[in-house]
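See below for query-v7.tsv, which holds TSV, C-alpha atoms.
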chain	number	residue	atom	x	y	z
A	3	MET	CA	6.59	6.61	9.68
A	4	GLN	CA	8.15	9.99	10.40
A	5	VAL	CA	7.86	10.93	6.73
A	6	LEU	CA	4.26	9.75	6.56
A	7	TYR	CA	3.43	11.60	9.78
A	8	GLY	CA	5.21	14.75	8.65
A	9	ARG	CA	3.39	14.74	5.34
A	10	HIS	CA	-0.13	14.07	6.53
A	11	HIS	CA	-0.55	14.84	10.23
A	12	VAL	CA	-1.83	18.41	9.81
A	13	ARG	CA	-4.62	17.44	7.42
A	14	VAL	CA	-5.55	14.43	9.53
A	15	PHE	CA	-5.64	16.68	12.62
A	16	ARG	CA	-7.83	19.27	10.92
A	17	PHE	CA	-10.24	16.67	9.60
A	18	GLY	CA	-10.47	15.12	13.08
A	19	LEU	CA	-10.82	18.49	14.77
A	20	ARG	CA	-13.72	19.48	12.49
A	21	LEU	CA	-15.46	16.28	13.53
A	22	VAL	CA	-14.75	16.15	17.27
A	23	ARG	CA	-14.43	19.93	17.85
A	24	ASP	CA	-11.91	19.53	20.63
A	25	GLU	CA	-8.18	20.07	20.15
A	26	GLN	CA	-7.07	17.68	22.87
A	27	VAL	CA	-9.31	14.94	21.56
A	28	ALA	CA	-8.16	15.64	17.98
A	29	GLU	CA	-4.51	15.38	19.04
A	30	ASP	CA	-5.16	12.08	20.79
A	31	LEU	CA	-6.98	11.01	17.66
A	32	ILE	CA	-4.02	11.54	15.33
A	33	SER	CA	-1.74	9.54	17.63
A	34	GLU	CA	-4.25	6.70	17.50
A	35	VAL	CA	-4.68	6.98	13.73
A	36	PHE	CA	-0.96	6.82	12.95
A	37	LEU	CA	-0.42	4.06	15.49
A	38	ASP	CA	-3.11	2.05	13.69
A	39	VAL	CA	-1.36	2.79	10.40
A	40	TRP	CA	1.90	1.53	11.91
A	41	ARG	CA	0.21	-1.65	13.04
A	42	GLN	CA	-1.75	-2.25	9.83
A	43	ALA	CA	0.81	-1.07	7.26
A	44	GLY	CA	0.99	-4.58	5.82
A	45	LYS	CA	-2.74	-4.51	5.08
A	46	PHE	CA	-2.52	-1.39	2.92
A	47	GLU	CA	-2.81	-2.68	-0.62
A	48	GLY	CA	-2.32	0.56	-2.52
A	49	ARG	CA	-5.74	0.38	-4.16
A	50	SER	CA	-6.57	3.83	-2.78
A	51	ALA	CA	-4.51	6.91	-1.98
A	52	VAL	CA	-2.78	6.98	1.39
A	53	THR	CA	-4.76	10.07	2.39
A	54	THR	CA	-8.04	8.29	1.64
A	55	TRP	CA	-6.98	5.45	3.91
A	56	LEU	CA	-5.84	7.87	6.65
A	57	LEU	CA	-9.03	9.94	6.50
A	58	ALA	CA	-11.21	6.81	6.65
A	59	ILE	CA	-9.38	5.68	9.81
A	60	THR	CA	-9.62	9.20	11.25
A	61	ARG	CA	-13.34	9.34	10.61
A	62	PHE	CA	-13.90	5.98	12.30
A	63	LYS	CA	-11.80	7.03	15.32
A	64	ALA	CA	-13.53	10.43	15.53
A	65	LEU	CA	-16.98	8.87	15.57
A	66	SER	CA	-15.85	6.43	18.28
A	67	ALA	CA	-14.44	9.34	20.30
A	68	LEU	CA	-17.73	11.24	19.92
A	69	ARG	CA	-19.66	8.18	21.10
A	70	ARG	CA	-17.36	7.82	24.13
A	71	ARG	CA	-17.82	11.50	24.94
A	72	ARG	CA	-21.59	11.17	24.75
A	73	ASP	CA	-21.32	8.23	27.14
A	74	VAL	CA	-19.67	10.41	29.73
A	75	GLY	CA	-22.35	13.04	29.35
A	76	LEU	CA	-20.79	15.57	27.00
A	77	ASP	CA	-23.12	15.80	24.03
A	78	ASP	CA	-22.67	17.63	20.74
A	79	GLU	CA	-24.56	20.63	21.97
A	80	THR	CA	-22.20	21.08	24.89
A	81	ALA	CA	-19.20	20.55	22.65
A	82	ASN	CA	-20.46	23.22	20.27
A	83	ALA	CA	-20.89	25.61	23.16
A	84	ILE	CA	-17.28	25.06	24.23
A	85	GLU	CA	-15.85	25.84	20.83
A	86	ASP	CA	-18.23	28.56	19.77
A	87	THR	CA	-16.87	31.71	21.35
A	88	SER	CA	-16.95	34.06	18.39
A	89	ASP	CA	-19.86	36.07	16.95
A	90	ASP	CA	-22.88	34.32	15.50
A	91	PRO	CA	-23.61	34.73	11.74
A	92	GLU	CA	-26.08	37.60	12.22
A	93	VAL	CA	-23.56	39.66	14.19
A	94	VAL	CA	-20.87	38.85	11.62
A	95	VAL	CA	-23.14	40.11	8.82
A	96	GLN	CA	-23.61	43.34	10.72
A	97	LYS	CA	-19.85	43.64	10.54
A	98	LYS	CA	-20.20	43.25	6.76
A	99	ASP	CA	-17.83	40.31	6.45
A	100	THR	CA	-19.52	37.82	4.16
A	101	GLY	CA	-16.52	35.50	4.11
A	102	GLU	CA	-16.53	35.23	7.87
A	103	ALA	CA	-20.29	34.64	7.89
A	104	LEU	CA	-19.79	31.85	5.38
A	105	ARG	CA	-17.10	30.26	7.55
A	106	LYS	CA	-19.37	30.59	10.57
A	107	CYS	CA	-22.22	28.86	8.73
A	108	LEU	CA	-19.83	26.11	7.55
A	109	THR	CA	-19.06	25.49	11.22
A	110	ALA	CA	-22.76	25.38	12.03
A	111	LEU	CA	-23.48	22.53	9.60
A	112	SER	CA	-24.27	19.10	11.00
A	113	PRO	CA	-21.26	16.73	11.39
A	114	GLU	CA	-22.55	14.70	8.43
A	115	HIS	CA	-22.64	17.77	6.19
A	116	ARG	CA	-19.42	19.21	7.59
A	117	GLU	CA	-17.41	16.14	6.80
A	118	ILE	CA	-18.60	15.90	3.20
A	119	VAL	CA	-17.96	19.58	2.52
A	120	ASP	CA	-14.46	19.30	4.03
A	121	LEU	CA	-13.61	16.11	2.17
A	122	VAL	CA	-14.59	17.57	-1.20
A	123	TYR	CA	-13.41	21.16	-0.86
A	124	TYR	CA	-10.46	21.00	1.52
A	125	HIS	CA	-9.15	17.46	1.17
A	126	GLU	CA	-9.84	17.46	-2.60
A	127	LYS	CA	-11.36	14.00	-2.59
A	128	SER	CA	-13.19	12.68	-5.63
A	129	VAL	CA	-16.71	11.21	-5.57
A	130	GLU	CA	-15.23	7.69	-5.42
A	131	GLU	CA	-12.81	8.54	-2.62
A	132	VAL	CA	-15.47	10.23	-0.48
A	133	ALA	CA	-17.69	7.18	-0.98
A	134	GLU	CA	-14.84	4.99	0.28
A	135	ILE	CA	-14.04	7.19	3.29
A	136	VAL	CA	-17.63	7.71	4.44
A	137	GLY	CA	-18.84	4.27	3.39
A	138	ILE	CA	-21.78	5.40	1.26
A	139	PRO	CA	-22.69	4.94	-2.44
A	140	GLU	CA	-21.26	7.43	-4.94
A	141	ASN	CA	-24.68	8.86	-5.81
A	142	THR	CA	-25.32	9.50	-2.13
A	143	VAL	CA	-22.04	11.44	-1.96
A	144	LYS	CA	-23.28	13.79	-4.67
A	145	THR	CA	-26.77	14.27	-3.25
A	146	ARG	CA	-25.48	14.65	0.32
A	147	LEU	CA	-23.11	17.40	-0.76
A	148	PHE	CA	-25.93	19.11	-2.65
A	149	TYR	CA	-28.11	19.09	0.46
A	150	ALA	CA	-25.20	20.24	2.63
A	151	ARG	CA	-24.84	23.23	0.31
A	152	LYS	CA	-28.57	23.79	0.41
A	153	LYS	CA	-28.45	23.83	4.21
A	154	LEU	CA	-25.54	26.27	4.04
A	155	ALA	CA	-27.62	28.55	1.81
A	156	GLU	CA	-30.49	28.42	4.32
A	157	LEU	CA	-28.16	29.31	7.19
A	158	LEU	CA	-26.73	32.21	5.22
A	159	LYS	CA	-30.17	33.43	4.25
A	160	ALA	CA	-31.23	33.30	7.89
A	161	ALA	CA	-28.17	35.43	8.64
A	162	GLY	CA	-29.32	37.93	5.99
A	163	ILE	CA	-26.90	37.00	3.22
A	164	GLU	CA	-28.12	36.63	-0.39
A	165	ARG	CA	-25.57	35.13	-2.76
A	166	GLY	CA	-27.58	34.78	-5.95
A	167	TRP	CA	-28.06	31.06	-5.35
A	168	PRO	CA	-30.49	29.46	-4.91
B	22	MET	CA	-38.48	35.96	-5.48
B	23	MET	CA	-38.78	33.98	-2.26
B	24	ALA	CA	-41.14	31.57	-3.98
B	25	ALA	CA	-38.74	31.10	-6.89
B	26	SER	CA	-35.86	30.41	-4.54
B	27	LYS	CA	-37.90	27.92	-2.57
B	28	LYS	CA	-38.88	26.18	-5.79
B	29	MET	CA	-35.22	25.86	-6.78
B	30	LEU	CA	-34.31	24.48	-3.37
B	31	ASP	CA	-37.13	21.96	-3.50
B	32	ARG	CA	-36.45	20.56	-6.95
B	33	GLU	CA	-34.17	17.61	-7.62
B	34	PRO	CA	-30.68	18.70	-8.69
B	35	SER	CA	-29.43	17.77	-12.15
B	36	GLU	CA	-26.43	15.46	-12.61
B	37	ILE	CA	-24.20	18.31	-13.83
B	38	GLU	CA	-25.32	20.53	-10.95
B	39	MET	CA	-24.20	17.89	-8.46
B	40	LEU	CA	-20.80	17.69	-10.11
B	41	LEU	CA	-20.09	21.42	-9.78
B	42	PRO	CA	-18.39	21.25	-6.34
B	43	PHE	CA	-16.08	18.48	-7.58
B	44	HIS	CA	-15.32	20.56	-10.66
B	45	ALA	CA	-14.36	23.50	-8.42
B	46	ALA	CA	-12.04	21.22	-6.44
B	47	GLY	CA	-10.52	19.79	-9.62
B	48	THR	CA	-11.33	16.16	-8.83
B	49	LEU	CA	-13.48	15.24	-11.83
B	50	SER	CA	-12.29	13.00	-14.63
B	51	ALA	CA	-11.32	14.78	-17.85
B	52	ARG	CA	-14.53	13.59	-19.50
B	53	ASP	CA	-16.81	14.87	-16.71
B	54	ALA	CA	-14.86	18.13	-16.44
B	55	ARG	CA	-15.45	18.73	-20.17
B	56	ARG	CA	-19.17	18.00	-19.78
B	57	VAL	CA	-19.41	20.48	-16.91
B	58	ASP	CA	-17.43	23.15	-18.80
B	59	ASP	CA	-19.67	22.78	-21.85
B	60	THR	CA	-22.82	23.12	-19.75
B	61	LEU	CA	-21.44	26.09	-17.81
B	62	ALA	CA	-20.70	27.88	-21.06
B	63	SER	CA	-24.33	27.63	-22.18
B	64	ASP	CA	-26.24	27.91	-18.88
B	65	PRO	CA	-25.93	31.27	-17.06
B	66	GLU	CA	-28.00	30.03	-14.10
B	67	LEU	CA	-25.58	27.18	-13.55
B	68	ALA	CA	-22.62	29.54	-14.03
B	69	ARG	CA	-24.02	31.75	-11.25
B	70	GLN	CA	-24.30	28.73	-8.97
B	71	TYR	CA	-20.73	27.78	-9.87
B	72	ALA	CA	-19.52	31.22	-8.77
B	73	VAL	CA	-21.23	30.65	-5.40
B	74	ILE	CA	-19.56	27.24	-5.15
B	75	ARG	CA	-16.13	28.76	-5.82
B	76	GLU	CA	-16.78	31.09	-2.89
B	77	GLU	CA	-17.77	28.17	-0.64
B	78	TYR	CA	-14.69	26.29	-1.79
B	79	ALA	CA	-12.36	29.20	-0.92
B	80	GLU	CA	-13.94	29.77	2.48
B	81	THR	CA	-13.85	26.06	3.39
B	82	ILE	CA	-10.12	26.04	2.69
B	83	SER	CA	-9.69	29.25	4.66
B	84	LEU	CA	-11.65	27.81	7.60
B	85	ASN	CA	-9.61	24.59	7.66
B	86	GLU	CA	-6.31	26.41	7.30
B	87	SER	CA	-7.23	28.54	10.31
B	88	LEU	CA	-7.43	25.43	12.48
B	89	GLY	CA	-3.65	25.35	12.95
B	90	ALA	CA	-1.58	22.26	13.57
B	91	PRO	CA	-1.31	19.78	16.42
B	92	SER	CA	1.28	20.31	19.16
B	93	THR	CA	4.39	18.16	19.42
B	94	ARG	CA	2.62	16.29	22.23
B	95	ALA	CA	0.73	14.24	19.64
B	96	MET	CA	3.92	13.22	17.86
B	97	ALA	CA	5.71	12.42	21.13
B	98	LYS	CA	2.77	10.28	22.21
B	99	LEU	CA	2.71	8.45	18.88
B	100	PHE	CA	6.40	7.63	18.78
B	101	ALA	CA	6.43	6.59	22.43
B	102	ALA	CA	3.61	4.18	21.61
B	103	ILE	CA	5.48	2.89	18.55
B	104	ASP	CA	8.62	2.36	20.64
B	105	ALA	CA	6.54	0.34	23.09
B	106	GLU	CA	5.26	-1.89	20.25
B	107	PRO	CA	6.87	-5.32	19.80
B	108	ALA	CA	9.52	-5.35	17.06
B	109	ARG	CA	8.23	-6.33	13.64
B	110	LYS	CA	9.92	-7.68	10.56
B	111	PRO	CA	9.67	-5.28	7.64
B	112	SER	CA	7.17	-6.39	5.02
B	113	ARG	CA	8.75	-7.53	1.78
B	114	SER	CA	5.52	-7.94	-0.08
B	115	VAL	CA	5.31	-4.39	-1.39
B	116	SER	CA	6.97	-4.24	-4.79
B	117	LEU	CA	8.79	-1.25	-6.18
B	118	SER	CA	6.07	-0.67	-8.78
B	119	ALA	CA	3.43	-0.71	-6.04
B	120	ARG	CA	5.37	1.89	-4.07
B	121	VAL	CA	5.74	4.09	-7.14
B	122	SER	CA	2.05	3.87	-8.02
B	123	GLU	CA	1.13	4.49	-4.40
B	124	PHE	CA	3.27	7.64	-4.38
B	125	PHE	CA	1.57	9.04	-7.47
B	126	ALA	CA	-1.86	7.93	-6.28
B	127	ARG	CA	-1.61	9.99	-3.13
B	128	LEU	CA	-1.03	13.19	-5.10
B	129	SER	CA	-4.13	15.18	-5.95
B	130	PRO	CA	-4.84	15.89	-9.64
B	131	ARG	CA	-3.85	19.51	-9.08
B	132	THR	CA	-0.56	18.54	-7.43
B	133	LEU	CA	0.14	16.13	-10.29
B	134	ALA	CA	-0.51	18.84	-12.85
B	135	TRP	CA	1.85	21.24	-11.07
B	136	SER	CA	4.49	18.54	-10.64
B	137	ALA	CA	4.35	17.71	-14.34
B	138	SER	CA	4.76	21.38	-15.27
B	139	LEU	CA	7.67	21.82	-12.85
B	140	GLY	CA	9.23	18.59	-14.13
B	141	ALA	CA	9.06	19.85	-17.70
B	142	ILE	CA	10.68	23.16	-16.71
B	143	ALA	CA	13.38	21.32	-14.75
B	144	LEU	CA	14.13	19.12	-17.78
B	145	LEU	CA	14.47	22.16	-20.04
B	146	LEU	CA	16.78	23.88	-17.55
B	147	GLN	CA	18.86	20.74	-17.15
B	148	ALA	CA	19.20	20.38	-20.92
B	149	GLY	CA	20.32	24.01	-21.14
B	150	VAL	CA	22.92	23.61	-18.37
B	151	ILE	CA	24.31	20.39	-19.85
B	152	GLY	CA	24.51	22.01	-23.27
B	153	ALA	CA	26.29	25.06	-21.88
B	154	VAL	CA	28.79	22.93	-19.92
B	155	LEU	CA	29.55	20.76	-22.95
B	156	MET	CA	30.10	23.80	-25.15
B	157	LYS	CA	32.33	25.45	-22.52
B	158	ASN	CA	34.48	22.43	-21.67
B	159	GLN	CA	34.94	21.11	-25.17
B	160	THR	CA	38.65	21.24	-25.99
B	161	ALA	CA	40.04	20.49	-29.40
B	162	SER	CA	41.72	17.14	-28.86
B	163	PHE	CA	42.15	13.96	-30.78
B	164	GLN	CA	43.15	10.41	-29.96
B	165	THR	CA	45.47	8.39	-32.16
B	166	ALA	CA	43.98	5.14	-33.30
B	167	SER	CA	47.14	3.46	-34.56
B	168	LEU	CA	49.73	4.09	-31.85
B	169	SER	CA	50.05	1.54	-29.07
B	170	LEU	CA	52.50	1.65	-26.18
B	171	ASN	CA	53.21	-1.40	-24.04
B	172	GLU	CA	54.31	0.46	-20.93
B	173	SER	CA	51.09	2.37	-20.49
B	174	SER	CA	47.51	1.57	-21.30
B	175	ALA	CA	46.48	5.22	-20.99
B	176	PRO	CA	45.16	6.78	-24.19
B	177	ILE	CA	47.55	9.11	-25.94
B	178	THR	CA	45.89	12.47	-26.37
B	179	ARG	CA	47.16	15.76	-27.57
B	180	ASP	CA	45.52	18.90	-26.32
B	181	LEU	CA	45.49	21.55	-28.97
B	182	GLY	CA	44.22	24.21	-26.54
B	183	SER	CA	47.19	24.19	-24.14
B	184	SER	CA	50.80	23.14	-24.28
B	185	ALA	CA	50.90	21.05	-21.03
B	186	ALA	CA	48.47	18.78	-19.14
B	187	PRO	CA	46.96	19.68	-15.76
B	188	PRO	CA	48.66	18.08	-12.75
B	189	ARG	CA	47.68	14.63	-11.55
B	190	ALA	CA	48.28	12.77	-8.30
B	191	LEU	CA	47.83	9.28	-6.97
B	192	VAL	CA	45.78	9.53	-3.79
B	193	ARG	CA	44.81	7.10	-1.06
B	194	PHE	CA	41.82	8.19	1.04
B	195	ALA	CA	41.74	7.53	4.80
B	196	PRO	CA	39.52	4.51	5.68
B	197	GLU	CA	37.14	6.71	7.68
B	198	ALA	CA	36.58	9.13	4.76
B	199	ARG	CA	32.91	9.43	3.86
B	200	VAL	CA	31.59	9.96	0.36
B	201	ALA	CA	30.40	13.45	1.35
B	202	ASP	CA	33.94	14.33	2.54
B	203	ILE	CA	35.52	13.06	-0.67
B	204	THR	CA	33.00	14.97	-2.79
B	205	ALA	CA	33.71	18.15	-0.81
B	206	LEU	CA	37.46	17.69	-1.23
B	207	LEU	CA	37.08	17.18	-4.99
B	208	ASP	CA	35.02	20.37	-5.13
B	209	ASN	CA	37.54	22.35	-3.09
B	210	TYR	CA	40.45	21.32	-5.30
B	211	GLN	CA	38.43	21.39	-8.54
B	212	ALA	CA	39.64	17.83	-8.94
B	213	SER	CA	38.18	14.84	-10.74
B	214	ILE	CA	38.91	11.14	-10.44
B	215	VAL	CA	40.39	10.02	-13.75
B	216	ASP	CA	41.30	6.45	-12.82
B	217	GLY	CA	39.74	3.94	-10.44
B	218	ALA	CA	40.89	2.38	-7.21
B	219	LYS	CA	43.94	0.35	-8.19
B	220	GLY	CA	45.53	-0.95	-5.00
B	221	GLY	CA	43.37	1.49	-3.08
B	222	MET	CA	44.84	4.46	-5.00
B	223	PHE	CA	42.87	6.92	-7.10
B	224	ARG	CA	44.34	9.05	-9.87
B	225	LEU	CA	43.06	12.61	-9.49
B	226	GLN	CA	43.38	15.45	-11.97
B	227	PHE	CA	43.40	19.03	-10.68
B	228	GLY	CA	41.71	21.76	-12.68
B	229	SER	CA	42.06	22.05	-16.44
B	230	LYS	CA	45.28	24.03	-16.75
B	231	ALA	CA	48.95	23.16	-16.32
B	232	MET	CA	50.77	24.29	-13.17
B	233	SER	CA	54.36	25.16	-12.41
B	234	LYS	CA	56.49	22.76	-10.34
B	235	ASP	CA	56.15	25.00	-7.29
B	236	GLU	CA	52.40	25.16	-7.65
B	237	VAL	CA	52.20	21.37	-7.93
B	238	ALA	CA	54.44	20.93	-4.86
B	239	SER	CA	52.27	23.37	-2.89
B	240	LEU	CA	49.10	21.60	-4.04
B	241	LEU	CA	50.45	18.20	-2.93
B	242	LYS	CA	51.55	19.60	0.42
B	243	ARG	CA	48.09	21.02	1.00
B	244	LEU	CA	46.54	17.75	-0.07
B	245	GLN	CA	48.70	15.70	2.28
B	246	GLY	CA	47.56	17.93	5.13
B	247	GLU	CA	43.90	16.94	4.57
B	248	LYS	CA	42.44	14.66	7.25
B	249	ILE	CA	40.84	12.30	4.79
B	250	ILE	CA	43.97	11.85	2.65
B	251	GLY	CA	46.32	9.00	3.64
B	252	LEU	CA	48.80	9.45	0.84
B	253	ALA	CA	49.20	11.79	-2.14
B	254	VAL	CA	52.03	11.60	-4.70
B	255	ALA	CA	52.49	13.31	-8.04
B	256	THR	CA	51.93	11.21	-11.12
B	257	PRO	CA	51.96	11.89	-14.82

Is it possible to express this structure as structure tokens?
Amino acid sequence: MQVLYGRHHVRVFRFGLRLVRDEQVAEDLISEVFLDVWRQAGKFEGRSAVTTWLLAITRFKALSALRRRRDVGLDDETANAIEDTSDDPEVVVQKKDTGEALRKCLTALSPEHREIVDLVYYHEKSVEEVAEIVGIPENTVKTRLFYARKKLAELLKAAGIERGWP
Amino acid sequence: MMAASKKMLDREPSEIEMLLPFHAAGTLSARDARRVDDTLASDPELARQYAVIREEYAETISLNESLGAPSTRAMAKLFAAIDAEPARKPSRSVSLSARVSEFFARLSPRTLAWSASLGAIALLLQAGVIGAVLMKNQTASFQTASLSLNESSAPITRDLGSSAAPPRALVRFAPEARVADITALLDNYQASIVDGAKGGMFRLQFGSKAMSKDEVASLLKRLQGEKIIGLAVATP
């Protein structure tokens, strides 16, 4: 378990943090995820990669944590306000840092779009693996990512950044 | 310009267009990757979009890497919870082949490609080192096929490179000696085990050159002073 934890905990934490946007909650999340893995190790049949299995559990736990948080009156909007202490995209553009503006806009995507962008770009998951983690058909994975990118382009355009696409 | 952009945003994306992000991340099958490469080579509009995707890809990685790592609190909490779990019997259902395939399955295509390249380099290096060692240590010796002595089963060899054999000793290791200790001792004395554990004794050979009587006596004295050696006596 120590080896498994050592190998995967950072990526699991980052995936969880991007979903729940709260470090404390994300840390609690990884403890819960790996404890579940410990309990269910016998059920892992090796049909998918370990990371795919871990990220699927993380996603499920993160969504549950978000639901619990909403129940106690802390909605997404409030959560965003807590995390968002840096400049907004327009101010960043004024500072002429396109990369930072892009990162800012990536943060501003909806949770649904954020998770698919992260899974494909950062966690290097294939169409099939994303479909398994998120629980959607493979074609939906491709179209959802396309529309996430489209939304990103709109956010960047609103911030005054033209990238040649679309 | 604005109208053209809006039109592009409103249209349905093509199949290849939707595969571009996966191509940037290196997660497409070889067949799909070839299809995308071929289309990119002939479609400048798509190539421009691919450049934008590469930028998104890099910044997404940068953003995630900036998130840091969890504190040790998470690990402490996890292992405390595991300790509090009822003891379980280890599962015996997972076969060796399943474990091996699981290990490779969890590597990304990029990691696999790098690992394969590194493996190939490591093999070449290993082959070179083995070759060099063999060439260096090869001494001109021969073994008689016809001579047989009753008192000793050891092969009769004659070393053409030196006039006398390197010293040997019969050694008994202390019961508490660990493999790591024995390996370290063999390294320190440039010794090798030339005969197995007969009656708990090992025949060791020291270096590759002959030694004077005084040198052998000094070597044995030093050897007997080692914590992990119970007994050491000279032997032919």

Pick out the chain A residues within 9 Å of chain B. Count only C-alpha atoms. Give them as a compact mmCIF listing (two decimals) with C-alpha atoms, in the coordinates of the input.
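This went into iface.txt:
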# COMPACT_ATOMS: atom_id res chain seq x y z
CA GLN A 4 8.15 9.99 10.40
CA TYR A 7 3.43 11.60 9.78
CA HIS A 11 -0.55 14.84 10.23
CA VAL A 12 -1.83 18.41 9.81
CA ARG A 13 -4.62 17.44 7.42
CA PHE A 15 -5.64 16.68 12.62
CA ARG A 16 -7.83 19.27 10.92
CA PHE A 17 -10.24 16.67 9.60
CA LEU A 19 -10.82 18.49 14.77
CA ARG A 20 -13.72 19.48 12.49
CA GLU A 25 -8.18 20.07 20.15
CA GLN A 26 -7.07 17.68 22.87
CA ALA A 28 -8.16 15.64 17.98
CA GLU A 29 -4.51 15.38 19.04
CA ASP A 30 -5.16 12.08 20.79
CA LEU A 31 -6.98 11.01 17.66
CA ILE A 32 -4.02 11.54 15.33
CA SER A 33 -1.74 9.54 17.63
CA GLU A 34 -4.25 6.70 17.50
CA PHE A 36 -0.96 6.82 12.95
CA LEU A 37 -0.42 4.06 15.49
CA TRP A 40 1.90 1.53 11.91
CA ARG A 41 0.21 -1.65 13.04
CA ALA A 43 0.81 -1.07 7.26
CA GLY A 44 0.99 -4.58 5.82
CA GLU A 47 -2.81 -2.68 -0.62
CA GLY A 48 -2.32 0.56 -2.52
CA ARG A 49 -5.74 0.38 -4.16
CA SER A 50 -6.57 3.83 -2.78
CA ALA A 51 -4.51 6.91 -1.98
CA VAL A 52 -2.78 6.98 1.39
CA THR A 53 -4.76 10.07 2.39
CA THR A 54 -8.04 8.29 1.64
CA GLY A 101 -16.52 35.50 4.11
CA GLU A 102 -16.53 35.23 7.87
CA LEU A 104 -19.79 31.85 5.38
CA ARG A 105 -17.10 30.26 7.55
CA LYS A 106 -19.37 30.59 10.57
CA LEU A 108 -19.83 26.11 7.55
CA THR A 109 -19.06 25.49 11.22
CA VAL A 119 -17.96 19.58 2.52
CA ASP A 120 -14.46 19.30 4.03
CA VAL A 122 -14.59 17.57 -1.20
CA TYR A 123 -13.41 21.16 -0.86
CA TYR A 124 -10.46 21.00 1.52
CA HIS A 125 -9.15 17.46 1.17
CA GLU A 126 -9.84 17.46 -2.60
CA LYS A 127 -11.36 14.00 -2.59
CA SER A 128 -13.19 12.68 -5.63
CA VAL A 129 -16.71 11.21 -5.57
CA LYS A 144 -23.28 13.79 -4.67
CA THR A 145 -26.77 14.27 -3.25
CA LEU A 147 -23.11 17.40 -0.76
CA PHE A 148 -25.93 19.11 -2.65
CA ARG A 151 -24.84 23.23 0.31
CA LYS A 152 -28.57 23.79 0.41
CA ARG A 165 -25.57 35.13 -2.76
CA GLY A 166 -27.58 34.78 -5.95
CA TRP A 167 -28.06 31.06 -5.35
CA PRO A 168 -30.49 29.46 -4.91

Within 12 Å of Val192 of chain B using all atoms listed in the file, minus same-chain residues under 5 positions, as a short mmCIF file (atom, residue, chain, number, x, y, z; two decimals) with C-alpha atoms, in the frame of the given file:
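File produced: around-v2.cif:
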data_model
loop_
_atom_site.label_atom_id
_atom_site.label_comp_id
_atom_site.auth_asym_id
_atom_site.auth_seq_id
_atom_site.Cartn_x
_atom_site.Cartn_y
_atom_site.Cartn_z
CA ILE B 203 35.52 13.06 -0.67
CA LEU B 206 37.46 17.69 -1.23
CA LEU B 207 37.08 17.18 -4.99
CA ALA B 212 39.64 17.83 -8.94
CA SER B 213 38.18 14.84 -10.74
CA ILE B 214 38.91 11.14 -10.44
CA VAL B 215 40.39 10.02 -13.75
CA ASP B 216 41.30 6.45 -12.82
CA GLY B 217 39.74 3.94 -10.44
CA ALA B 218 40.89 2.38 -7.21
CA LYS B 219 43.94 0.35 -8.19
CA GLY B 220 45.53 -0.95 -5.00
CA GLY B 221 43.37 1.49 -3.08
CA MET B 222 44.84 4.46 -5.00
CA PHE B 223 42.87 6.92 -7.10
CA ARG B 224 44.34 9.05 -9.87
CA LEU B 225 43.06 12.61 -9.49
CA GLN B 226 43.38 15.45 -11.97
CA PHE B 227 43.40 19.03 -10.68
CA LEU B 241 50.45 18.20 -2.93
CA LEU B 244 46.54 17.75 -0.07
CA GLN B 245 48.70 15.70 2.28
CA GLU B 247 43.90 16.94 4.57
CA ILE B 249 40.84 12.30 4.79
CA ILE B 250 43.97 11.85 2.65
CA GLY B 251 46.32 9.00 3.64
CA LEU B 252 48.80 9.45 0.84
CA ALA B 253 49.20 11.79 -2.14
CA VAL B 254 52.03 11.60 -4.70
CA ALA B 255 52.49 13.31 -8.04
CA THR B 256 51.93 11.21 -11.12
#

request  = In Å, rounded to a single decimal, give me how far atom CA of Ile135 of chain A is from atom CA of Ala58 of chain A.
outcome  =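 Between these atoms lies a distance of 4.4 Å.
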
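Minimum atom-to-atom distances from A:Ala160, A:Ala103, A:Thr60, A:Val5 to Glu117 of chain A were compared using all atoms listed in the file, and the lowest value belongs to A:Thr60.
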
request  = Rounded to one decimal place, report the atom CA of Ala201 of chain B-atom CA of Leu240 of chain B distance in Å.
outcome  =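 Value for the atom CA of Ala201 of chain B-atom CA of Leu240 of chain B distance: 21.1 Å.
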
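As for atom CA of Ile59 of chain A and atom CA of Ala150 of chain A, they are spaced 22.7 Å apart.
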
ask   = With only C-alpha atoms as the atoms that count, which of B:Pro188, B:Arg193, B:Asp208, B:Leu146 lies nearest to Ala238 of chain B?
value = B:Pro188
